[in-house]
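Colleague: What follows is final-v7.txt, compact mmCIF, C-alpha atoms.
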# COMPACT_ATOMS: atom_id res chain seq x y z
CA TRP N 67 -2.33 75.48 -38.90
CA ARG N 68 -1.31 71.78 -38.81
CA VAL N 69 -0.95 69.34 -35.92
CA GLN N 70 2.47 67.68 -35.78
CA GLY N 71 2.07 63.99 -35.06
CA THR N 72 0.84 60.69 -36.46
CA TRP N 73 -2.43 59.53 -37.92
CA HIS N 74 -4.14 56.83 -35.77
CA GLY N 75 -7.74 57.17 -36.89
CA GLY N 76 -7.16 60.87 -36.21
CA TRP N 77 -4.19 63.14 -35.80
CA MET N 78 -2.13 62.65 -32.60
CA THR N 79 0.05 65.39 -31.25
CA GLN N 80 3.65 64.60 -30.41
CA ASP N 81 2.78 64.79 -26.69
CA GLU N 82 -0.02 62.27 -27.18
CA GLN N 83 2.32 60.02 -29.13
CA ARG N 84 4.93 60.18 -26.36
CA LEU N 85 2.23 59.35 -23.82
CA GLU N 86 1.10 56.38 -25.88
CA TRP N 87 4.64 55.03 -26.05
CA LEU N 88 5.10 55.61 -22.32
CA VAL N 89 1.90 53.66 -21.53
CA TRP N 90 3.02 50.84 -23.82
CA PHE N 91 6.49 50.76 -22.25
CA MET N 92 5.09 50.72 -18.69
CA THR N 93 2.64 47.97 -19.61
CA VAL N 94 5.47 45.79 -20.94
CA LEU N 95 7.65 46.58 -17.93
CA ILE N 96 4.93 45.75 -15.39
CA SER N 97 3.92 42.56 -17.25
CA THR N 98 7.54 41.39 -17.30
CA PHE N 99 7.93 42.13 -13.61
CA LEU N 100 4.71 40.29 -12.70
CA TYR N 101 5.68 37.28 -14.82
CA GLY N 102 9.10 37.15 -13.18
CA PHE N 103 7.56 37.47 -9.73
CA ALA N 104 5.06 34.68 -10.46
CA GLU N 105 7.83 32.44 -11.81
CA ARG N 106 10.03 33.04 -8.75
CA HIS N 107 7.03 32.34 -6.52
CA ARG N 108 6.33 29.10 -8.39
CA ARG N 109 9.95 27.98 -8.04
CA LEU N 110 9.94 28.84 -4.34
CA MET N 111 6.78 26.81 -3.81
CA THR N 112 8.33 23.91 -5.73
CA VAL N 113 11.40 24.01 -3.50
CA SER N 114 9.27 24.38 -0.35
CA TYR N 115 7.00 21.41 -1.07
CA THR N 116 9.32 19.06 -2.98
CA ASP N 117 11.84 16.72 -1.41
CA GLY N 118 15.23 17.77 -2.74
CA LEU N 119 16.63 14.25 -3.18
CA THR N 120 13.69 12.24 -4.49
CA GLN N 121 11.76 15.06 -6.19
CA VAL N 122 8.46 13.74 -4.82
CA MET N 123 6.40 15.86 -2.44
CA ASN N 124 7.43 16.35 1.20
CA ARG N 125 5.45 16.39 4.44
CA SER N 126 4.84 20.13 4.17
CA ALA N 127 3.06 19.47 0.88
CA LEU N 128 1.05 16.70 2.54
CA ARG N 129 -0.17 19.09 5.23
CA ILE N 130 -1.35 21.47 2.51
CA ALA N 131 -3.07 18.73 0.46
CA PHE N 132 -4.47 16.78 3.42
CA GLU N 133 -7.84 18.54 3.55
CA GLY N 134 -8.46 18.06 -0.16
CA PHE N 135 -8.33 14.27 0.11
CA TYR N 136 -11.35 13.98 2.37
CA LYS N 137 -13.29 16.97 1.01
CA LYS N 138 -13.60 15.22 -2.36
CA LYS N 139 -15.40 12.31 -0.63
CA LYS N 140 -14.00 9.95 -3.27
CA ARG N 141 -12.50 6.50 -2.82
CA ILE N 142 -8.76 6.69 -2.36
CA ASN N 143 -5.92 4.29 -1.71
CA VAL N 144 -3.44 5.16 1.02
CA MET N 145 -0.20 3.23 0.76
CA LEU N 146 2.76 3.46 3.11
CA PHE N 147 5.91 1.51 2.34
CA ASP N 148 9.59 1.46 3.14
CA LEU N 149 12.62 -0.16 1.57
CA ASP N 150 13.66 -3.48 3.07
CA PHE N 151 17.26 -3.63 4.37
CA PHE N 152 17.93 0.00 3.38
CA LYS N 153 20.40 0.43 6.24
CA GLN N 154 22.31 -2.56 4.94
CA ILE N 155 22.72 -0.83 1.57
CA ASN N 156 24.16 2.25 3.30
CA ASP N 157 26.46 0.12 5.44
CA THR N 158 27.65 -2.04 2.53
CA TYR N 159 27.97 0.42 -0.34
CA GLY N 160 28.01 3.81 1.41
CA HIS N 161 25.60 6.71 1.69
CA GLU N 162 26.08 7.60 -1.97
CA ALA N 163 24.42 4.28 -2.82
CA GLY N 164 21.65 5.02 -0.32
CA ASP N 165 21.00 8.40 -1.93
CA PHE N 166 20.98 6.75 -5.35
CA VAL N 167 18.35 4.26 -4.21
CA LEU N 168 16.13 6.98 -2.73
CA GLN N 169 16.45 9.12 -5.85
CA LYS N 170 15.54 6.21 -8.12
CA THR N 171 12.63 5.28 -5.87
CA GLY N 172 11.30 8.81 -6.37
CA ASP N 173 11.79 8.50 -10.14
CA ILE N 174 9.90 5.22 -10.31
CA LEU N 175 7.08 6.52 -8.13
CA SER N 176 6.68 9.65 -10.27
CA ALA N 177 6.64 7.53 -13.45
CA ILE N 178 3.87 5.24 -12.15
CA PHE N 179 1.81 7.63 -10.03
CA ARG N 180 1.38 11.37 -10.39
CA GLN N 181 4.23 13.21 -8.67
CA GLU N 182 1.81 15.28 -6.55
CA THR N 183 0.33 12.10 -5.02
CA CYS N 184 3.69 10.73 -3.83
CA TYR N 185 5.37 11.85 -0.62
CA ARG N 186 8.63 11.13 1.10
CA TYR N 187 7.26 10.42 4.56
CA GLY N 188 10.63 10.15 6.28
CA GLY N 189 13.95 8.40 5.70
CA ASP N 190 13.26 5.51 3.34
CA GLU N 191 9.50 5.57 3.99
CA PHE N 192 7.13 6.78 1.27
CA LEU N 193 3.43 7.56 1.08
CA VAL N 194 1.16 7.34 -1.96
CA ILE N 195 -2.43 8.62 -2.00
CA ASP N 196 -4.05 7.52 -5.24
CA GLU N 197 -7.60 7.51 -6.63
CA SER N 198 -7.27 4.40 -8.83
CA ASP N 199 -9.66 1.48 -8.52
CA ALA N 200 -8.44 -1.52 -6.54
CA LYS N 201 -7.27 -3.54 -9.57
CA THR N 202 -5.36 -0.62 -11.09
CA MET N 203 -3.78 0.21 -7.74
CA GLN N 204 -2.52 -3.35 -7.34
CA GLU N 205 -1.10 -3.23 -10.87
CA LYS N 206 0.70 0.04 -10.12
CA ILE N 207 2.17 -1.41 -6.92
CA ALA N 208 3.33 -4.48 -8.87
CA ARG N 209 5.09 -2.17 -11.34
CA LEU N 210 6.71 -0.28 -8.46
CA ARG N 211 8.02 -3.48 -6.90
CA SER N 212 9.25 -4.76 -10.27
CA GLY N 213 11.04 -1.48 -11.04
CA LEU N 214 12.80 -1.45 -7.69
CA SER N 215 13.83 -5.10 -7.95
CA GLU N 216 15.67 -4.33 -11.22
CA LEU N 217 17.72 -1.41 -9.88
CA LYS N 218 21.47 -1.60 -10.21
CA TYR N 219 24.11 0.53 -8.54
CA LYS N 220 27.43 0.55 -10.43
CA ASP N 221 26.49 -2.75 -12.09
CA ILE N 222 25.57 -4.25 -8.71
CA ALA N 223 22.10 -5.79 -8.70
CA LEU N 224 20.51 -4.52 -5.49
CA LYS N 225 17.33 -6.66 -5.74
CA LEU N 226 15.35 -4.13 -3.72
CA THR N 227 12.11 -5.14 -2.06
CA ILE N 228 9.54 -3.20 -0.06
CA SER N 229 7.22 -3.77 2.87
CA GLY N 230 3.98 -1.87 2.66
CA GLY N 231 0.38 -1.45 3.66
CA CYS N 232 -2.37 -0.21 1.36
CA VAL N 233 -5.81 0.82 2.64
CA SER N 234 -8.75 1.92 0.50
CA GLY N 235 -11.81 3.85 1.61
CA VAL N 236 -13.85 7.01 1.22
CA PRO N 237 -12.67 9.45 3.93
CA LYS N 238 -15.30 11.98 4.96
CA ASN N 239 -13.28 14.05 7.44
CA LYS N 240 -9.84 14.61 8.92
CA GLU N 241 -10.21 11.79 11.45
CA ASN N 242 -11.00 9.31 8.68
CA MET N 243 -7.82 10.35 6.84
CA ARG N 244 -5.73 9.94 9.99
CA ASP N 245 -7.32 6.54 10.62
CA MET N 246 -6.47 5.43 7.09
CA LEU N 247 -2.85 6.51 7.52
CA HIS N 248 -2.68 4.70 10.84
CA ARG N 249 -4.21 1.54 9.34
CA ALA N 250 -1.77 1.64 6.40
CA ASP N 251 1.10 1.96 8.89
CA GLU N 252 -0.21 -1.06 10.82
CA LYS N 253 -0.38 -3.07 7.61
CA LEU N 254 3.19 -2.03 6.76
CA TYR N 255 4.41 -3.49 10.03
CA ASP N 256 2.28 -6.59 9.51
CA SER N 257 4.20 -7.04 6.24
CA LYS N 258 7.49 -6.73 8.09
CA LYS N 259 6.45 -9.24 10.74
CA ALA N 260 5.38 -11.64 7.98
CA GLY N 261 8.92 -11.64 6.55
CA LYS N 262 9.05 -8.40 4.50
CA ASN N 263 8.88 -8.20 0.69
CA SER N 264 5.10 -7.84 0.61
CA VAL N 265 2.27 -5.32 0.56
CA GLN N 266 -0.79 -6.06 2.66
CA TYR N 267 -4.18 -4.66 1.66
CA ASP N 268 -7.22 -3.61 3.65
CA VAL N 269 -10.55 -1.85 3.07
CA MET N 270 -11.70 0.67 5.63
CA GLU N 271 -15.26 1.80 6.22
CA CYS N 272 -15.27 5.52 7.02
CA PHE N 273 -17.97 7.26 9.03
CA PRO N 274 -19.14 10.86 9.18
CA GLU N 275 -17.75 12.94 12.01
CA LYS N 276 -20.97 12.91 14.05
CA GLU N 277 -20.84 9.11 14.24
CA ILE N 278 -17.18 9.15 15.31
CA ASP N 279 -17.99 11.47 18.20
CA GLU N 280 -20.72 9.26 19.60
I need this file expressed as structure tokens, please.

Modeller:
Amino acid sequence: WRVQGTWHGGWMTQDEQRLEWLVWFMTVLISTFLYGFAERHRRLMTVSYTDGLTQVMNRSALRIAFEGFYKKKKRINVMLFDLDFFKQINDTYGHEAGDFVLQKTGDILSAIFRQETCYRYGGDEFLVIDESDAKTMQEKIARLRSGLSELKYKDIALKLTISGGCVSGVPKNKENMRDMLHRADEKLYDSKKAGKNSVQYDVMECFPEKEIDE
């Protein structure tokens, strides 16, 4: 009597061999399905949390990341800025030019800062939350301003400038983060009132929640 099959450290019957192939096939099939599902999920998340025009993060992404900024209890820089005379660009050259400017602003931001720390806050207003030291942050902002000033649209030098506010501190809770955003917004408008084309800086002392409530 002889077993029909294959030698795999011992004779396998044909039924055992078929079962082995079936297990292998199902393993490959399930792995492929799970990989495809994970990839589709990743792409969906990217679409959900990325601004379609500028390819930086959107406000939905900010809501997700918000808690992480103060839970780290690390010094951060919160910068809000908008593009000076952006409406004039739309009015003069059309909305295609406006979209071009916003797209290039996103490109420059992503090249200088990490994409996941840059947010389109609304319209032509952008938010950056960065962990660099003060000197490095100022250098990055200088590179941002320089990059925007050199932008051209169809060989037209746009000479873009920004007005912004940048606040540094160590947020310890949600209220501290909101206060830093509010202070950065105030500094942005101080820049506008001072004649635009500037970024004003401030340092904020943040307190634990129990001290805020008192």

Colleague: At a cut-off of 7 Å, using all atoms listed in the file, what residues contact Thr227 (chain N)? Leave out same-chain residues fewer than 5 positions from it and give the result as an MDAnalysis selection string.

Modeller: chainID N and resid 149:150 211 214:215 263

Colleague: Which residue, N:Ile155, N:Glu86, N:Leu175, N:Lys253, has the smallest gap to Ala223 (chain N) when you use only C-alpha atoms?

Modeller: N:Ile155

Colleague: Taking into account all atoms listed in the file, which residue in the set N:Glu182, N:Glu241, N:Glu205, N:Glu162 is nearest to Val122 (chain N)?

Modeller: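 Selected residue with least distance to Val122 (chain N): N:Glu182.
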
Colleague: Just checking: using all atoms listed in the file, which residue out of N:Asp173, N:Asp190, N:Asp256, N:Glu216 ends up closest to Lys153 (chain N)?

Modeller: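 Using all atoms listed in the file, the shortest distance to Lys153 (chain N) belongs to N:Asp190.
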
Colleague: Rank nothing, just name the residue among N:Ile178, N:Leu210, N:Ala250, N:Leu85 nearest to Asp268 (chain N), using all atoms listed in the file.

Modeller: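 Once distances to Asp268 (chain N) are computed over all atoms listed in the file, the minimum belongs to N:Ala250.
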
Colleague: Using all atoms listed in the file, which of the listed residues (N:Ile195, N:Cys184, N:Ile174, N:Ile96) sits closest to Leu247 (chain N)?

Modeller: N:Ile195

Colleague: Using only C-alpha atoms, find all polymer residues with an atom at most 7 Å away from the point (6.7, -8.9, -0.2); report them as a list in words.

Modeller: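 Residues with an atom at most 7 Å from (6.7, -8.9, -0.2): Thr227, Ile228, Ser229, Lys262, Asn263, Ser264 and Val265 of chain N.
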
Colleague: Out of N:Ser234, N:Gln83, N:Thr93, N:Asn124, which residue has the shortest atom-to-atom distance to Cys272 (chain N) when counting all atoms listed in the file?

Modeller: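 Checking each candidate against Cys272 (chain N), we get N:Ser234 as the closest.
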
Colleague: Could you please determine the separation between CA of Glu197 (chain N) and CA of Phe135 (chain N) in Å, to one decimal place?

Modeller: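 Straight-line distance from CA of Glu197 (chain N) to CA of Phe135 (chain N) works out to 9.6 Å.
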
Colleague: What is the distance, in Å and to one decimal place, between CA of Val194 (chain N) and CA of Ser212 (chain N)?

Modeller: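 Taking CA of Val194 (chain N) and CA of Ser212 (chain N), their separation equals 16.8 Å.
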
Colleague: Set up a box along x, y and z of the file covering all listed atoms of region 142-153 of chain N, add 3 Å on every one of the six sides, and write the centre and edge lengths in Å to one decimal, as lines of an AutoDock Vina configuration file.

Modeller:
center_x = 5.8
center_y = 1.5
center_z = 1.9
size_x = 35.2
size_y = 16.3
size_z = 14.6

Colleague: Work out how far CA of Leu146 (chain N) is from CA of Leu193 (chain N), in Å to one decimal.

Modeller: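 One can read the CA of Leu193 (chain N) to CA of Leu146 (chain N) distance as 4.6 Å.
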
Colleague: For region 163-166 of chain N, list every protein, DNA or RNA residue within 12 Å, evaluated using all atoms listed in the file, and leave out those in the same chain fewer than 2 positions away; present the list as an mmCIF file with C-alpha atoms, in the frame of the given file.

Modeller:
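After the write, part-v6.cif holds the following:
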data_model
loop_
_atom_site.group_PDB
_atom_site.id
_atom_site.type_symbol
_atom_site.label_atom_id
_atom_site.label_comp_id
_atom_site.auth_asym_id
_atom_site.auth_seq_id
_atom_site.Cartn_x
_atom_site.Cartn_y
_atom_site.Cartn_z
ATOM 1 C CA GLY N 118 15.230 17.770 -2.740
ATOM 2 C CA LEU N 119 16.630 14.250 -3.180
ATOM 3 C CA THR N 120 13.690 12.240 -4.490
ATOM 4 C CA LEU N 149 12.620 -0.160 1.570
ATOM 5 C CA PHE N 151 17.260 -3.630 4.370
ATOM 6 C CA PHE N 152 17.930 0.000 3.380
ATOM 7 C CA LYS N 153 20.400 0.430 6.240
ATOM 8 C CA GLN N 154 22.310 -2.560 4.940
ATOM 9 C CA ILE N 155 22.720 -0.830 1.570
ATOM 10 C CA ASN N 156 24.160 2.250 3.300
ATOM 11 C CA ASP N 157 26.460 0.120 5.440
ATOM 12 C CA THR N 158 27.650 -2.040 2.530
ATOM 13 C CA TYR N 159 27.970 0.420 -0.340
ATOM 14 C CA GLY N 160 28.010 3.810 1.410
ATOM 15 C CA HIS N 161 25.600 6.710 1.690
ATOM 16 C CA LEU N 168 16.130 6.980 -2.730
ATOM 17 C CA GLN N 169 16.450 9.120 -5.850
ATOM 18 C CA LYS N 170 15.540 6.210 -8.120
ATOM 19 C CA THR N 171 12.630 5.280 -5.870
ATOM 20 C CA GLY N 172 11.300 8.810 -6.370
ATOM 21 C CA ASP N 173 11.790 8.500 -10.140
ATOM 22 C CA GLY N 189 13.950 8.400 5.700
ATOM 23 C CA ASP N 190 13.260 5.510 3.340
ATOM 24 C CA LEU N 214 12.800 -1.450 -7.690
ATOM 25 C CA LEU N 217 17.720 -1.410 -9.880
ATOM 26 C CA LYS N 218 21.470 -1.600 -10.210
ATOM 27 C CA TYR N 219 24.110 0.530 -8.540
ATOM 28 C CA LYS N 220 27.430 0.550 -10.430
ATOM 29 C CA ASP N 221 26.490 -2.750 -12.090
ATOM 30 C CA ILE N 222 25.570 -4.250 -8.710
ATOM 31 C CA ALA N 223 22.100 -5.790 -8.700
ATOM 32 C CA LEU N 224 20.510 -4.520 -5.490
ATOM 33 C CA LEU N 226 15.350 -4.130 -3.720
#

Colleague: Write out as a list in words each polymer residue whose atoms come within 9 Å of Met243 (chain N), counting all atoms listed in the file; drop sequence neighbours fewer than 3 positions from it.

Modeller: Phe132, Glu133, Phe135, Tyr136, Val144, Val236, Pro237, Lys238, Asn239, Lys240, Met246, Leu247, His248 and Cys272 of chain N

Colleague: I want to know what sits within 7 Å of Gly235 (chain N), based on all atoms listed in the file, with residues of the same chain fewer than 3 positions away left out; could you give that as a VMD selection string?

Modeller: chain N and resid 141 to 143 269 to 272

Colleague: The selected residues should be written to file as a PDB file, keeping the file's coordinate frame (atoms: C-alpha atoms).

Modeller:
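The file below, result.pdb, is the result:
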ATOM      1  CA  ARG N 141     -12.500   6.500  -2.820  1.00  0.00           C
ATOM      2  CA  ILE N 142      -8.760   6.690  -2.360  1.00  0.00           C
ATOM      3  CA  ASN N 143      -5.920   4.290  -1.710  1.00  0.00           C
ATOM      4  CA  VAL N 269     -10.550  -1.850   3.070  1.00  0.00           C
ATOM      5  CA  MET N 270     -11.700   0.670   5.630  1.00  0.00           C
ATOM      6  CA  GLU N 271     -15.260   1.800   6.220  1.00  0.00           C
ATOM      7  CA  CYS N 272     -15.270   5.520   7.020  1.00  0.00           C
TER       8      CYS N 272
END

Colleague: Would you mind completing region 201-236 of chain N so that it carries N, CA and C atoms, and writing it out as a compact mmCIF listing (two decimals), in the coordinates of the input?

Modeller:
# COMPACT_ATOMS: atom_id res chain seq x y z
N LYS N 201 -8.06 -2.74 -8.62
CA LYS N 201 -7.27 -3.54 -9.57
C LYS N 201 -6.12 -2.72 -10.13
N THR N 202 -6.41 -1.48 -10.52
CA THR N 202 -5.36 -0.62 -11.09
C THR N 202 -4.30 -0.31 -10.05
N MET N 203 -4.73 -0.09 -8.81
CA MET N 203 -3.78 0.21 -7.74
C MET N 203 -2.83 -0.97 -7.53
N GLN N 204 -3.36 -2.16 -7.52
CA GLN N 204 -2.52 -3.35 -7.34
C GLN N 204 -1.54 -3.49 -8.51
N GLU N 205 -1.99 -3.17 -9.71
CA GLU N 205 -1.10 -3.23 -10.87
C GLU N 205 0.02 -2.20 -10.76
N LYS N 206 -0.31 -1.01 -10.29
CA LYS N 206 0.70 0.04 -10.12
C LYS N 206 1.73 -0.38 -9.07
N ILE N 207 1.25 -0.97 -7.97
CA ILE N 207 2.17 -1.41 -6.92
C ILE N 207 3.08 -2.52 -7.44
N ALA N 208 2.52 -3.41 -8.27
CA ALA N 208 3.33 -4.48 -8.87
C ALA N 208 4.42 -3.89 -9.76
N ARG N 209 4.09 -2.83 -10.50
CA ARG N 209 5.09 -2.17 -11.34
C ARG N 209 6.16 -1.49 -10.49
N LEU N 210 5.75 -0.90 -9.38
CA LEU N 210 6.71 -0.28 -8.46
C LEU N 210 7.68 -1.32 -7.93
N ARG N 211 7.16 -2.43 -7.47
CA ARG N 211 8.02 -3.48 -6.90
C ARG N 211 8.96 -4.06 -7.96
N SER N 212 8.44 -4.23 -9.18
CA SER N 212 9.25 -4.76 -10.27
C SER N 212 10.38 -3.78 -10.63
N GLY N 213 10.03 -2.48 -10.71
CA GLY N 213 11.04 -1.48 -11.04
C GLY N 213 12.15 -1.42 -10.01
N LEU N 214 11.79 -1.49 -8.74
CA LEU N 214 12.80 -1.45 -7.69
C LEU N 214 13.67 -2.71 -7.69
N SER N 215 13.07 -3.84 -7.98
CA SER N 215 13.83 -5.10 -7.95
C SER N 215 14.89 -5.14 -9.04
N GLU N 216 14.72 -4.32 -10.10
CA GLU N 216 15.67 -4.33 -11.22
C GLU N 216 16.76 -3.27 -11.10
N LEU N 217 16.73 -2.48 -10.03
CA LEU N 217 17.72 -1.41 -9.88
C LEU N 217 19.13 -1.96 -9.71
N LYS N 218 20.06 -1.26 -10.36
CA LYS N 218 21.47 -1.60 -10.21
C LYS N 218 22.24 -0.36 -9.80
N TYR N 219 23.22 -0.55 -8.94
CA TYR N 219 24.11 0.53 -8.54
C TYR N 219 25.53 0.13 -8.93
N LYS N 220 26.09 0.86 -9.91
CA LYS N 220 27.43 0.55 -10.43
C LYS N 220 27.54 -0.92 -10.82
N ASP N 221 26.56 -1.37 -11.59
CA ASP N 221 26.49 -2.75 -12.09
C ASP N 221 26.24 -3.78 -10.99
N ILE N 222 25.90 -3.32 -9.80
CA ILE N 222 25.57 -4.25 -8.71
C ILE N 222 24.06 -4.37 -8.63
N ALA N 223 23.54 -5.57 -8.80
CA ALA N 223 22.10 -5.79 -8.70
C ALA N 223 21.69 -5.72 -7.24
N LEU N 224 20.88 -4.74 -6.89
CA LEU N 224 20.51 -4.52 -5.49
C LEU N 224 19.33 -5.40 -5.05
N LYS N 225 18.50 -5.80 -6.02
CA LYS N 225 17.33 -6.66 -5.74
C LYS N 225 16.48 -6.08 -4.61
N LEU N 226 16.12 -4.82 -4.75
CA LEU N 226 15.35 -4.13 -3.72
C LEU N 226 13.95 -4.69 -3.58
N THR N 227 13.49 -4.77 -2.35
CA THR N 227 12.11 -5.14 -2.06
C THR N 227 11.52 -4.11 -1.09
N ILE N 228 10.21 -4.13 -0.97
CA ILE N 228 9.54 -3.20 -0.06
C ILE N 228 8.59 -3.96 0.86
N SER N 229 8.31 -3.34 1.99
CA SER N 229 7.22 -3.77 2.87
C SER N 229 6.23 -2.63 2.91
N GLY N 230 4.96 -2.95 2.73
CA GLY N 230 3.98 -1.87 2.66
C GLY N 230 2.60 -2.27 3.12
N GLY N 231 1.79 -1.26 3.34
CA GLY N 231 0.38 -1.45 3.66
C GLY N 231 -0.44 -0.51 2.80
N CYS N 232 -1.52 -1.01 2.23
CA CYS N 232 -2.37 -0.21 1.36
C CYS N 232 -3.82 -0.34 1.83
N VAL N 233 -4.43 0.79 2.12
CA VAL N 233 -5.81 0.82 2.64
C VAL N 233 -6.67 1.66 1.71
N SER N 234 -7.83 1.15 1.34
CA SER N 234 -8.75 1.92 0.50
C SER N 234 -10.00 2.27 1.28
N GLY N 235 -10.60 3.40 0.94
CA GLY N 235 -11.81 3.85 1.61
C GLY N 235 -12.23 5.20 1.09
N VAL N 236 -13.34 5.69 1.60
CA VAL N 236 -13.85 7.01 1.22
C VAL N 236 -13.83 7.89 2.47
